[in-house]
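A.B. asks: Got a file for you: my_file.cif, mmCIF, C-alpha atoms.
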```cif
data_target
loop_
_atom_site.group_PDB
_atom_site.id
_atom_site.type_symbol
_atom_site.label_atom_id
_atom_site.label_comp_id
_atom_site.auth_asym_id
_atom_site.auth_seq_id
_atom_site.Cartn_x
_atom_site.Cartn_y
_atom_site.Cartn_z
ATOM 1 C CA MET T 1 119.295 81.110 277.915
ATOM 2 C CA MET T 2 122.256 80.003 279.992
ATOM 3 C CA VAL T 3 122.248 76.667 281.813
ATOM 4 C CA ILE T 4 124.546 76.299 284.842
ATOM 5 C CA ASN T 5 125.225 73.097 286.748
ATOM 6 C CA LEU T 6 126.739 73.567 290.210
ATOM 7 C CA VAL T 7 127.579 70.208 291.737
ATOM 8 C CA LEU T 8 126.617 69.877 295.441
ATOM 9 C CA ILE T 9 125.568 73.529 295.522
ATOM 10 C CA LEU T 10 122.727 74.038 293.021
ATOM 11 C CA HIS T 11 121.789 71.279 290.635
ATOM 12 C CA HIS T 12 120.342 73.224 287.720
ATOM 13 C CA VAL T 13 120.084 76.989 287.251
ATOM 14 C CA VAL T 14 118.629 78.577 284.114
ATOM 15 C CA VAL T 15 119.414 82.207 283.294
ATOM 16 C CA TYR T 16 116.642 83.081 280.856
ATOM 17 C CA ALA T 17 116.293 85.996 278.417
ATOM 18 C CA ASP T 18 113.628 86.653 275.775
ATOM 19 C CA ALA T 19 114.275 85.525 272.202
ATOM 20 C CA ASP T 20 114.488 89.070 270.793
ATOM 21 C CA VAL T 21 117.061 89.986 273.465
ATOM 22 C CA ARG T 22 119.166 86.923 272.627
ATOM 23 C CA LEU T 23 119.026 87.698 268.898
ATOM 24 C CA ALA T 24 119.938 91.371 269.435
ATOM 25 C CA ARG T 25 122.942 90.316 271.529
ATOM 26 C CA ARG T 26 124.061 87.863 268.807
ATOM 27 C CA ILE T 27 123.784 90.482 266.069
ATOM 28 C CA LYS T 28 125.758 93.013 268.098
ATOM 29 C CA ARG T 29 128.473 90.491 268.998
ATOM 30 C CA ASP T 30 128.903 89.024 265.513
ATOM 31 C CA THR T 31 128.947 92.363 263.707
ATOM 32 C CA VAL T 32 131.381 94.007 266.126
ATOM 33 C CA GLU T 33 133.654 91.095 267.080
ATOM 34 C CA LYS T 34 133.506 88.909 263.967
ATOM 35 C CA GLY T 35 132.809 91.458 261.218
ATOM 36 C CA ARG T 36 129.857 89.508 259.817
ATOM 37 C CA ASP T 37 126.904 91.092 257.963
ATOM 38 C CA ILE T 38 123.377 90.958 259.356
ATOM 39 C CA ALA T 39 121.998 88.785 256.540
ATOM 40 C CA THR T 40 124.541 86.039 257.257
ATOM 41 C CA ILE T 41 123.868 86.249 260.996
ATOM 42 C CA LEU T 42 120.098 85.940 260.523
ATOM 43 C CA ASP T 43 120.518 83.031 258.081
ATOM 44 C CA GLN T 44 122.681 81.102 260.556
ATOM 45 C CA TYR T 45 120.331 81.949 263.407
ATOM 46 C CA SER T 46 117.204 80.689 261.643
ATOM 47 C CA LYS T 47 118.812 77.544 260.184
ATOM 48 C CA PHE T 48 120.998 76.371 263.060
ATOM 49 C CA VAL T 49 120.986 78.401 266.277
ATOM 50 C CA LYS T 50 117.208 78.699 266.859
ATOM 51 C CA PRO T 51 116.366 75.038 265.998
ATOM 52 C CA ALA T 52 119.232 73.747 268.176
ATOM 53 C CA PHE T 53 118.068 75.940 271.056
ATOM 54 C CA GLU T 54 114.494 74.661 270.783
ATOM 55 C CA ASP T 55 115.565 71.011 270.494
ATOM 56 C CA PHE T 56 118.300 70.794 273.120
ATOM 57 C CA ILE T 57 118.350 73.817 275.452
ATOM 58 C CA LEU T 58 114.750 74.922 275.952
ATOM 59 C CA PRO T 59 113.482 71.461 277.060
ATOM 60 C CA THR T 60 115.907 71.494 280.028
ATOM 61 C CA LYS T 61 114.128 74.538 281.456
ATOM 62 C CA LYS T 62 111.383 72.395 282.974
ATOM 63 C CA TYR T 63 114.010 70.509 285.013
ATOM 64 C CA ALA T 64 115.553 73.678 286.472
ATOM 65 C CA ASP T 65 115.774 74.124 290.223
ATOM 66 C CA ILE T 66 115.959 77.892 289.741
ATOM 67 C CA ILE T 67 115.016 80.071 286.749
ATOM 68 C CA ILE T 68 116.387 83.618 286.599
ATOM 69 C CA PRO T 69 114.236 85.787 284.300
ATOM 70 C CA ARG T 70 115.628 88.792 282.418
ATOM 71 C CA GLY T 71 119.066 87.193 282.220
ATOM 72 C CA GLY T 72 122.064 89.035 283.582
ATOM 73 C CA ASP T 73 120.001 92.176 284.222
ATOM 74 C CA ASN T 74 118.252 90.527 287.158
ATOM 75 C CA HIS T 75 120.784 91.636 289.745
ATOM 76 C CA VAL T 76 118.624 90.763 292.771
ATOM 77 C CA ALA T 77 118.254 87.113 291.748
ATOM 78 C CA ILE T 78 121.925 86.793 290.849
ATOM 79 C CA ASP T 79 123.006 88.329 294.171
ATOM 80 C CA LEU T 80 120.813 85.837 296.043
ATOM 81 C CA ILE T 81 122.402 82.912 294.218
ATOM 82 C CA VAL T 82 125.898 84.277 294.810
ATOM 83 C CA GLN T 83 125.134 84.571 298.537
ATOM 84 C CA HIS T 84 123.790 81.003 298.554
ATOM 85 C CA ILE T 85 126.930 79.701 296.853
ATOM 86 C CA HIS T 86 129.167 81.551 299.321
ATOM 87 C CA THR T 87 127.176 80.045 302.203
ATOM 88 C CA LYS T 88 127.551 76.534 300.795
ATOM 89 C CA LEU T 89 131.262 76.982 300.118
ATOM 90 C CA GLY T 90 131.734 78.196 303.687
ATOM 91 C CA GLN T 91 130.143 75.085 305.151
ATOM 92 C CA HIS T 92 132.099 72.231 306.632
ATOM 93 C CA ASP T 93 132.916 69.596 304.014
ATOM 94 C CA LEU T 94 130.722 67.052 305.825
ATOM 95 C CA CYS T 95 127.682 69.308 305.365
ATOM 96 C CA LYS T 96 128.193 69.035 301.610
ATOM 97 C CA ILE T 97 128.190 65.236 301.861
ATOM 98 C CA TYR T 98 125.324 64.852 304.335
ATOM 99 C CA PRO T 99 122.435 67.245 303.622
ATOM 100 C CA ASN T 100 120.823 66.495 307.008
ATOM 101 C CA LEU T 101 123.878 67.682 308.970
ATOM 102 C CA TYR T 102 123.512 71.251 310.224
ATOM 103 C CA VAL T 103 126.251 73.304 311.878
ATOM 104 C CA ILE T 104 124.922 76.549 313.353
ATOM 105 C CA GLN T 105 126.495 79.608 311.766
ATOM 106 C CA SER T 106 129.668 80.560 313.588
ATOM 107 C CA THR T 107 129.991 84.050 315.053
ATOM 108 C CA PHE T 108 132.576 85.646 317.321
ATOM 109 C CA GLN T 109 130.139 85.118 320.209
ATOM 110 C CA ILE T 110 129.914 81.391 319.492
ATOM 111 C CA ARG T 111 133.669 81.071 318.988
ATOM 112 C CA GLY T 112 134.208 82.963 322.234
ATOM 113 C CA MET T 113 131.900 80.646 324.166
ATOM 114 C CA HIS T 114 133.621 77.618 322.672
ATOM 115 C CA THR T 115 136.977 79.064 323.703
ATOM 116 C CA LEU T 116 135.791 79.350 327.297
ATOM 117 C CA ILE T 117 134.224 75.906 327.673
ATOM 118 C CA ARG T 118 137.197 74.235 325.976
ATOM 119 C CA ASP T 119 139.727 75.963 328.250
ATOM 120 C CA SER T 120 140.846 73.527 330.960
ATOM 121 C CA LYS T 121 141.284 76.482 333.347
ATOM 122 C CA THR T 122 137.685 77.669 333.081
ATOM 123 C CA THR T 123 135.839 77.480 336.404
ATOM 124 C CA LYS T 124 132.859 75.180 336.856
ATOM 125 C CA HIS T 125 130.523 78.182 337.178
ATOM 126 C CA ASP T 126 131.683 79.696 333.866
ATOM 127 C CA PHE T 127 131.712 76.295 332.160
ATOM 128 C CA ILE T 128 128.062 75.744 333.074
ATOM 129 C CA PHE T 129 127.047 79.297 332.175
ATOM 130 C CA TYR T 130 128.557 79.310 328.680
ATOM 131 C CA SER T 131 127.633 75.682 327.991
ATOM 132 C CA ASP T 132 124.018 76.546 328.771
ATOM 133 C CA ARG T 133 124.155 79.475 326.364
ATOM 134 C CA LEU T 134 125.491 77.286 323.568
ATOM 135 C CA ILE T 135 123.028 74.511 324.331
ATOM 136 C CA ARG T 136 120.145 76.988 324.096
ATOM 137 C CA LEU T 137 121.340 78.075 320.644
ATOM 138 C CA VAL T 138 121.577 74.465 319.459
ATOM 139 C CA VAL T 139 118.123 73.647 320.824
ATOM 140 C CA GLU T 140 116.561 76.697 319.153
ATOM 141 C CA HIS T 141 118.235 75.771 315.864
ATOM 142 C CA GLY T 142 117.026 72.195 316.181
ATOM 143 C CA LEU T 143 113.450 73.327 316.798
ATOM 144 C CA GLY T 144 113.644 75.233 313.540
ATOM 145 C CA HIS T 145 113.835 71.930 311.658
ATOM 146 C CA LEU T 146 110.496 70.678 312.987
ATOM 147 C CA PRO T 147 107.422 70.706 310.742
ATOM 148 C CA PHE T 148 104.977 73.582 311.089
ATOM 149 C CA THR T 149 101.504 74.560 309.946
ATOM 150 C CA GLU T 150 100.434 77.969 308.694
ATOM 151 C CA LYS T 151 98.294 79.960 311.093
ATOM 152 C CA GLN T 152 96.630 83.367 311.031
ATOM 153 C CA VAL T 153 96.037 85.436 314.157
ATOM 154 C CA VAL T 154 94.459 88.799 314.872
ATOM 155 C CA THR T 155 96.845 91.306 316.483
ATOM 156 C CA PRO T 156 95.819 93.907 319.126
ATOM 157 C CA THR T 157 95.568 96.447 316.294
ATOM 158 C CA GLY T 158 92.837 94.355 314.655
ATOM 159 C CA SER T 159 95.115 93.345 311.786
ATOM 160 C CA VAL T 160 95.633 89.805 310.559
ATOM 161 C CA TYR T 161 99.103 88.298 310.884
ATOM 162 C CA SER T 162 99.986 85.223 308.806
ATOM 163 C CA GLY T 163 102.414 83.078 310.759
ATOM 164 C CA VAL T 164 103.033 79.472 311.709
ATOM 165 C CA ASP T 165 102.021 77.141 314.520
ATOM 166 C CA PHE T 166 104.597 75.103 316.441
ATOM 167 C CA CYS T 167 104.847 71.328 316.195
ATOM 168 C CA LYS T 168 102.705 69.943 319.037
ATOM 169 C CA ARG T 169 103.736 66.279 319.114
ATOM 170 C CA LEU T 170 107.264 66.615 320.447
ATOM 171 C CA CYS T 171 109.456 65.103 323.156
ATOM 172 C CA GLY T 172 113.087 65.076 324.240
ATOM 173 C CA VAL T 173 115.277 62.067 325.044
ATOM 174 C CA SER T 174 118.531 62.634 326.919
ATOM 175 C CA VAL T 175 121.448 60.210 326.921
ATOM 176 C CA ILE T 176 122.400 59.891 330.606
ATOM 177 C CA ARG T 177 124.387 61.604 332.055
ATOM 178 C CA SER T 178 125.760 64.347 329.817
ATOM 179 C CA GLY T 179 122.547 64.686 327.855
ATOM 180 C CA GLU T 180 120.725 65.734 331.018
ATOM 181 C CA SER T 181 122.653 69.014 330.881
ATOM 182 C CA MET T 182 120.586 69.923 327.802
ATOM 183 C CA GLU T 183 117.187 69.311 329.387
ATOM 184 C CA ASN T 184 116.780 72.743 331.006
ATOM 185 C CA ALA T 185 117.338 74.537 327.701
ATOM 186 C CA LEU T 186 114.747 72.304 326.030
ATOM 187 C CA ARG T 187 112.221 72.909 328.820
ATOM 188 C CA ALA T 188 112.856 76.666 328.582
ATOM 189 C CA CYS T 189 112.002 76.543 324.861
ATOM 190 C CA CYS T 190 109.140 74.024 325.006
ATOM 191 C CA LYS T 191 106.841 74.470 327.998
ATOM 192 C CA GLY T 192 105.745 71.183 329.563
ATOM 193 C CA ILE T 193 107.680 68.991 327.125
ATOM 194 C CA LYS T 194 108.017 65.303 327.973
ATOM 195 C CA ILE T 195 111.605 64.082 328.334
ATOM 196 C CA GLY T 196 112.696 60.444 328.312
ATOM 197 C CA LYS T 197 116.058 59.009 329.325
ATOM 198 C CA ILE T 198 118.468 56.422 327.954
ATOM 199 C CA LEU T 199 121.540 55.062 329.753
ATOM 200 C CA ILE T 200 124.172 53.401 327.560
ATOM 201 C CA HIS T 201 127.399 51.870 328.823
ATOM 202 C CA ARG T 202 130.354 53.689 327.268
ATOM 203 C CA GLU T 203 133.801 52.181 327.289
ATOM 204 C CA GLY T 204 136.498 53.119 324.739
ATOM 205 C CA ASP T 205 135.096 52.891 321.227
ATOM 206 C CA ASN T 206 132.298 50.521 322.225
ATOM 207 C CA GLY T 207 129.034 52.125 323.266
ATOM 208 C CA GLN T 208 126.771 49.200 322.588
ATOM 209 C CA GLN T 209 125.329 48.123 325.950
ATOM 210 C CA LEU T 210 121.906 49.539 326.827
ATOM 211 C CA ILE T 211 121.518 49.736 330.617
ATOM 212 C CA TYR T 212 118.277 51.663 331.129
ATOM 213 C CA GLU T 213 115.527 53.366 329.180
ATOM 214 C CA LYS T 214 112.429 55.298 330.206
ATOM 215 C CA LEU T 215 110.533 56.799 327.286
ATOM 216 C CA PRO T 216 107.081 58.352 326.783
ATOM 217 C CA SER T 217 104.525 55.649 326.016
ATOM 218 C CA ASP T 218 103.366 57.473 322.872
ATOM 219 C CA ILE T 219 106.861 58.281 321.593
ATOM 220 C CA SER T 220 106.137 56.644 318.225
ATOM 221 C CA GLU T 221 103.645 59.448 317.530
ATOM 222 C CA ARG T 222 106.099 62.240 318.370
ATOM 223 C CA HIS T 223 109.059 64.043 316.883
ATOM 224 C CA VAL T 224 112.086 63.336 319.061
ATOM 225 C CA LEU T 225 114.957 65.635 320.029
ATOM 226 C CA LEU T 226 117.831 63.344 321.063
ATOM 227 C CA LEU T 227 120.160 65.134 323.504
ATOM 228 C CA ASP T 228 123.860 64.375 323.939
ATOM 229 C CA PRO T 229 126.436 67.208 324.010
ATOM 230 C CA ILE T 230 129.292 65.194 322.462
ATOM 231 C CA LEU T 231 129.152 63.045 319.330
ATOM 232 C CA GLY T 232 132.402 61.058 319.419
ATOM 233 C CA THR T 233 132.630 57.586 317.904
ATOM 234 C CA GLY T 234 128.906 57.556 317.224
ATOM 235 C CA ASN T 235 128.437 54.091 318.733
ATOM 236 C CA SER T 236 126.284 55.151 321.679
ATOM 237 C CA ALA T 237 124.294 57.454 319.392
ATOM 238 C CA VAL T 238 123.624 54.537 317.040
ATOM 239 C CA GLN T 239 122.425 52.441 319.983
ATOM 240 C CA ALA T 240 120.099 55.225 321.156
ATOM 241 C CA ILE T 241 118.691 55.802 317.670
ATOM 242 C CA ARG T 242 118.124 52.081 317.153
ATOM 243 C CA LEU T 243 116.166 51.988 320.406
ATOM 244 C CA LEU T 244 113.983 54.903 319.294
ATOM 245 C CA ILE T 245 113.325 53.263 315.929
ATOM 246 C CA SER T 246 112.469 49.969 317.664
ATOM 247 C CA LYS T 247 109.848 51.919 319.656
ATOM 248 C CA GLY T 248 108.208 52.972 316.389
ATOM 249 C CA VAL T 249 109.752 56.424 315.939
ATOM 250 C CA PRO T 250 110.298 57.114 312.216
ATOM 251 C CA GLU T 251 113.935 57.844 311.454
ATOM 252 C CA SER T 252 112.987 61.143 309.818
ATOM 253 C CA ASN T 253 111.298 62.252 313.076
ATOM 254 C CA ILE T 254 114.570 62.207 315.051
ATOM 255 C CA ILE T 255 116.750 65.307 315.461
ATOM 256 C CA PHE T 256 120.069 64.689 317.225
ATOM 257 C CA LEU T 257 121.348 67.765 319.104
ATOM 258 C CA ASN T 258 124.931 68.140 320.351
ATOM 259 C CA LEU T 259 127.530 70.822 321.016
ATOM 260 C CA ILE T 260 130.536 69.312 319.255
ATOM 261 C CA SER T 261 130.915 66.414 316.835
ATOM 262 C CA ALA T 262 133.810 64.325 315.612
ATOM 263 C CA PRO T 263 133.835 63.558 311.868
ATOM 264 C CA GLN T 264 134.046 59.829 312.659
ATOM 265 C CA GLY T 265 130.815 59.987 314.658
ATOM 266 C CA VAL T 266 129.052 62.039 311.992
ATOM 267 C CA ASN T 267 130.022 59.492 309.346
ATOM 268 C CA VAL T 268 128.818 56.563 311.447
ATOM 269 C CA VAL T 269 125.437 58.097 312.287
ATOM 270 C CA CYS T 270 124.691 59.615 308.882
ATOM 271 C CA LYS T 271 125.600 56.474 306.958
ATOM 272 C CA LYS T 272 123.466 54.224 309.153
ATOM 273 C CA PHE T 273 120.573 56.657 309.434
ATOM 274 C CA PRO T 274 120.569 58.969 306.385
ATOM 275 C CA ARG T 275 117.161 60.492 307.226
ATOM 276 C CA ILE T 276 118.024 61.609 310.748
ATOM 277 C CA LYS T 277 118.968 65.266 311.282
ATOM 278 C CA ILE T 278 122.075 66.248 313.259
ATOM 279 C CA VAL T 279 122.384 69.782 314.647
ATOM 280 C CA THR T 280 125.712 70.786 316.208
ATOM 281 C CA SER T 281 127.622 73.972 316.981
ATOM 282 C CA GLU T 282 131.089 72.816 315.828
ATOM 283 C CA ILE T 283 132.768 69.870 314.129
ATOM 284 C CA ASP T 284 136.153 69.070 315.656
ATOM 285 C CA ILE T 285 139.281 67.544 314.107
ATOM 286 C CA GLY T 286 138.665 63.946 315.145
ATOM 287 C CA LEU T 287 139.362 61.331 317.830
ATOM 288 C CA ASN T 288 142.583 60.505 319.673
ATOM 289 C CA VAL T 289 143.860 57.027 320.565
ATOM 290 C CA GLU T 290 141.588 57.032 323.635
ATOM 291 C CA PHE T 291 138.577 57.762 321.387
ATOM 292 C CA ARG T 292 138.106 61.231 322.838
ATOM 293 C CA VAL T 293 137.135 64.152 320.643
ATOM 294 C CA VAL T 294 140.045 66.522 319.959
ATOM 295 C CA PRO T 295 140.575 69.334 320.581
ATOM 296 C CA GLY T 296 137.305 68.680 322.412
ATOM 297 C CA MET T 297 136.447 69.876 325.902
ATOM 298 C CA GLY T 298 137.235 66.855 328.091
ATOM 299 C CA GLU T 299 134.577 64.825 329.905
ATOM 300 C CA PHE T 300 131.574 67.089 329.510
ATOM 301 C CA GLY T 301 129.434 65.427 332.194
ATOM 302 C CA ASP T 302 132.181 65.561 334.805
ATOM 303 C CA ARG T 303 132.905 69.237 334.136
ATOM 304 C CA TYR T 304 129.237 70.232 334.011
ATOM 305 C CA PHE T 305 128.090 68.343 337.102
ATOM 306 C CA GLY T 306 131.277 68.987 339.087
ATOM 307 C CA THR T 307 132.467 65.390 339.387
ATOM 308 C CA ASP T 308 135.763 65.817 337.542
ATOM 309 C CA ASP T 309 137.703 65.740 340.829
ATOM 310 C CA GLU T 310 136.186 62.467 341.982
#
```
The structure in this file should be written as C-alpha cells.
C.D. replies:
Amino acid sequence: MMVINLVLILHHVVVYADADVRLARRIKRDTVEKGRDIATILDQYSKFVKPAFEDFILPTKKYADIIIPRGGDNHVAIDLIVQHIHTKLGQHDLCKIYPNLYVIQSTFQIRGMHTLIRDSKTTKHDFIFYSDRLIRLVVEHGLGHLPFTEKQVVTPTGSVYSGVDFCKRLCGVSVIRSGESMENALRACCKGIKIGKILIHREGDNGQQLIYEKLPSDISERHVLLLDPILGTGNSAVQAIRLLISKGVPESNIIFLNLISAPQGVNVVCKKFPRIKIVTSEIDIGLNVEFRVVPGMGEFGDRYFGTDDE
C-alpha cells in the first residue's frame, strides 16, 4: 500500500494492493535486483515488513480521502487523480489559499469576450452585449454552488429520471449602480426572483458609507447572490456583506458574483468572511495608485449605462 500526501491538492491518497500481490512484488524485486534467496526474503517479510505495515501503514487507511484499489493497475482511478491534480495546479494561486474562491474555467471564448470588454475602443453596444454574455456565465456558475435536493420525475417515455430540484429560497442583491447590470442575467436564470438593492458611497479606497438599502423582508431565510461586476479594494463588498449578515443572513448563504477581481479585494473579503463564496471570471494583476483594478476595464457602470461621456 502506498500513501501519498499532496499538500493543498489532495490530503491523503492510499494506493492499495492485496497482501499476496505486495509479497509477490517483493520476492520478484529482491531476487532479481538484490540477488537474495526466497527463504531470506520470507523471513524478513514475516519478522519485520508485515508487522511494521500492520502497525504503522494500515491504520492510516481509515483517514484516507481517496483509496485506489488494485494499486497501479487501476488506470481509471489514477487518470482521474492526475486530471484533478492538473486542474488544481492550473488554478490561480488564490484559489489554492481560499477554497471558497471560484474562477470559472477559462476558454478562448471567455478570453475573447474579456478582450472585447477591456478594449477602450469597444463600442457601447458591443460592451453591453459581451458583458451580458460573461455575466450570464458567472451567474450560472454561481447557481451551481447552491444546495439542492434529489428529485425523481417521470419522463414522457414513462421512465423514471433521478435528478435534482433547484434551491427555492433564493434572492439577489445588487450593489448600485454597476451591480444592476447583472440583474437581467439573474432574472433570466431564476424566474420571478426577488432582487434587493444596496447603495454604498465609493471614494478612493474607502467604500464604507452606506447610503441606501432595500432588501426582501425575509432575506434571512434565503440564499443571497450578491451582484457587483468589479471586486477592487473589497471595502464596499465588506460593507454590503456586513449589512446582509446584520439582517440575519448566514455568511455561508452568501455567494458574491463578479466579472473581475483584484487580489487585494479577494484577500480582504475572504479573510473577513471565510465562509462566503466568491465566483468570478478572471483575477487581475492588482490595483493602481487610484485604487482601480488593472488591467481592468475602466468604470464598468459608466461604460455599461452609457454615462462615460458625462
A.B. asks: Quick one: which range 196-254 of chain T residues come within 12 Å of range 91-105 of chain T, and what is the nearest atom pair for each with the distance in Å to one decimal, counting all atoms listed in the file, rows ordered by chain and ascending number, as CSV?
C.D. replies:
```
residue,atom,partner,partner_atom,distance
T:Glu251,CA,T:Asn100,CA,11.9
T:Ser252,CA,T:Asn100,CA,9.9
T:Ile254,CA,T:Asn100,CA,11.1
```
A.B. asks: Could you spell out the hits of the PyMOL selection byres ((chain T and resi 67-69) around 6) on the shown file, as a PyMOL selection string?
C.D. replies: chain T and resi 13-16+66+70-71
A.B. asks: Hey, can you check how far CA of Arg292 in chain T sits from CA of Ala262 in chain T?
C.D. replies: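 Here the two named atoms are 9.0 Å from each other.
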A.B. asks: Check what the PyMOL selection byres ((chain T and resi 302) around 12) selects in the file above and give those residues as a list in words.
C.D. replies: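 With the PyMOL selection byres ((chain T and resi 302) around 12) on this model, the match is Lys124, Phe127, Ile128, Arg177, Ser178, Gly179, Ser181, Met297, Gly298, Glu299, Phe300, Gly301, Arg303, Tyr304, Phe305, Gly306, Thr307, Asp308, Asp309 and Glu310 of chain T.
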A.B. asks: Which residues come within 9 Å of Gly248 in chain T, counting all atoms listed in the file, excluding same-chain residues fewer than 5 positions away, as JSON, numbers by chain?
C.D. replies: {"T": [219, 220, 221, 243]}
A.B. asks: Excluding same-chain residues fewer than 5 positions from Lys168 in chain T, what lies within 10 Å of it counting all atoms listed in the file, as a list in words?
C.D. replies: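 The neighbour list is Leu146, Pro147, Phe148, Cys190, Ile193, Arg222 and His223 of chain T.
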A.B. asks: Please give the centre and size of the box around range 128-136 of chain T (axis-aligned, containing every atom listed in the file, 4 Å added per side), with values in Å to one decimal and written as JSON.
C.D. replies:
```
{"center_x": 124.4, "center_y": 77.0, "center_z": 328.3, "size_x": 16.4, "size_y": 13.0, "size_z": 17.5}
```
A.B. asks: So how many Å separate CA of Gly286 in chain T and CA of Gly265 in chain T, to one decimal?
C.D. replies: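 So the two atoms, CA of Gly286 in chain T and CA of Gly265 in chain T, lie 8.8 Å apart.
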A.B. asks: Run the PyMOL selection byres ((chain T and resi 241) around 10) mentally over the shown coordinates, then write out the matched residues as a ChimeraX atom specification, using the chain letters and numbers from the document.
C.D. replies: /T:226,235-240,242-247,249,251,254-256,269,272-273,276
A.B. asks: Between CA of Val21 in chain T and CA of Ile38 in chain T, what distance in Å does the model show, to one decimal?
C.D. replies: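 Separation of CA of Val21 in chain T and CA of Ile38 in chain T: 15.5 Å.
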A.B. asks: Residues within 9 Å of range 42-45 of chain T, please, as an NGL selection string. Count all atoms listed in the file; anything in the same chain fewer than 5 positions from it doesn't count.
C.D. replies: :T and (23 or 26-27 or 37 or 50-51)
A.B. asks: Between T:Ala77, T:Val154, T:Leu199, T:Met113, which one has atoms that come closest to Glu282 in chain T, using only C-alpha atoms?
C.D. replies: T:Met113
A.B. asks: Smallest atom-to-atom distance to Asn267 in chain T: which of T:Leu231, T:Ile176, T:Met182, T:Val279, using only C-alpha atoms?
C.D. replies: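 Looking at the shortest contact to Asn267 in chain T, the residue is T:Leu231.
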A.B. asks: Taking 2 positions as the minimum chain separation for residues in the same chain, which residues sit within 7 Å of range 136-143 of chain T when counting only C-alpha atoms? Answer as a list in words.
C.D. replies: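 The residues that qualify are Asp132, Arg133, Leu134, His145, Leu146, Ala185, Leu186, Ile255, Leu257, Val279, Thr280 and Ser281 of chain T.
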A.B. asks: Print the selection's residues with C-alpha atoms to a file, as a short mmCIF file (atom, residue, chain, number, x, y, z; two decimals), in the frame of the given file.
C.D. replies:
```
data_model
loop_
_atom_site.label_atom_id
_atom_site.label_comp_id
_atom_site.auth_asym_id
_atom_site.auth_seq_id
_atom_site.Cartn_x
_atom_site.Cartn_y
_atom_site.Cartn_z
CA ASP T 132 124.02 76.55 328.77
CA ARG T 133 124.16 79.47 326.36
CA LEU T 134 125.49 77.29 323.57
CA HIS T 145 113.84 71.93 311.66
CA LEU T 146 110.50 70.68 312.99
CA ALA T 185 117.34 74.54 327.70
CA LEU T 186 114.75 72.30 326.03
CA ILE T 255 116.75 65.31 315.46
CA LEU T 257 121.35 67.76 319.10
CA VAL T 279 122.38 69.78 314.65
CA THR T 280 125.71 70.79 316.21
CA SER T 281 127.62 73.97 316.98
#
```
A.B. asks: Which residue, T:Thr233, T:Thr122, T:Asn258, T:Thr149, has the smallest gap to Cys167 in chain T when you use only C-alpha atoms?
C.D. replies: T:Thr149
A.B. asks: Atoms are missing here; could range 262-273 of chain T be completed with N, CA, C and O atoms and written as a JSON list (two decimals), in the coordinates of the input?
C.D. replies:
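This went into result12.json:
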```
[["chain", "number", "residue", "atom", "x", "y", "z"],
["T", 262, "ALA", "N", 132.62, 64.81, 316.30],
["T", 262, "ALA", "CA", 133.81, 64.32, 315.61],
["T", 262, "ALA", "C", 133.38, 63.82, 314.24],
["T", 262, "ALA", "O", 132.31, 63.22, 314.11],
["T", 263, "PRO", "N", 134.20, 64.04, 313.20],
["T", 263, "PRO", "CA", 133.84, 63.56, 311.87],
["T", 263, "PRO", "C", 133.54, 62.06, 311.84],
["T", 263, "PRO", "O", 132.64, 61.62, 311.12],
["T", 264, "GLN", "N", 134.28, 61.28, 312.64],
["T", 264, "GLN", "CA", 134.05, 59.83, 312.66],
["T", 264, "GLN", "C", 132.63, 59.52, 313.12],
["T", 264, "GLN", "O", 131.94, 58.67, 312.54],
["T", 265, "GLY", "N", 132.17, 60.21, 314.16],
["T", 265, "GLY", "CA", 130.82, 59.99, 314.66],
["T", 265, "GLY", "C", 129.75, 60.42, 313.67],
["T", 265, "GLY", "O", 128.72, 59.76, 313.50],
["T", 266, "VAL", "N", 129.99, 61.56, 313.01],
["T", 266, "VAL", "CA", 129.05, 62.04, 311.99],
["T", 266, "VAL", "C", 128.92, 61.02, 310.87],
["T", 266, "VAL", "O", 127.80, 60.69, 310.43],
["T", 267, "ASN", "N", 130.06, 60.49, 310.42],
["T", 267, "ASN", "CA", 130.02, 59.49, 309.35],
["T", 267, "ASN", "C", 129.24, 58.25, 309.76],
["T", 267, "ASN", "O", 128.42, 57.74, 308.99],
["T", 268, "VAL", "N", 129.49, 57.78, 310.97],
["T", 268, "VAL", "CA", 128.82, 56.56, 311.45],
["T", 268, "VAL", "C", 127.31, 56.78, 311.49],
["T", 268, "VAL", "O", 126.53, 55.95, 310.98],
["T", 269, "VAL", "N", 126.87, 57.86, 312.11],
["T", 269, "VAL", "CA", 125.44, 58.10, 312.29],
["T", 269, "VAL", "C", 124.75, 58.37, 310.96],
["T", 269, "VAL", "O", 123.68, 57.81, 310.66],
["T", 270, "CYS", "N", 125.34, 59.22, 310.13],
["T", 270, "CYS", "CA", 124.69, 59.62, 308.88],
["T", 270, "CYS", "C", 124.63, 58.47, 307.87],
["T", 270, "CYS", "O", 123.68, 58.37, 307.10],
["T", 271, "LYS", "N", 125.63, 57.61, 307.89],
["T", 271, "LYS", "CA", 125.60, 56.47, 306.96],
["T", 271, "LYS", "C", 124.58, 55.43, 307.37],
["T", 271, "LYS", "O", 123.92, 54.82, 306.52],
["T", 272, "LYS", "N", 124.44, 55.21, 308.67],
["T", 272, "LYS", "CA", 123.47, 54.22, 309.15],
["T", 272, "LYS", "C", 122.05, 54.76, 309.13],
["T", 272, "LYS", "O", 121.09, 54.00, 308.91],
["T", 273, "PHE", "N", 121.91, 56.06, 309.36],
["T", 273, "PHE", "CA", 120.57, 56.66, 309.43],
["T", 273, "PHE", "C", 120.54, 57.93, 308.58],
["T", 273, "PHE", "O", 120.61, 59.04, 309.11]]
```
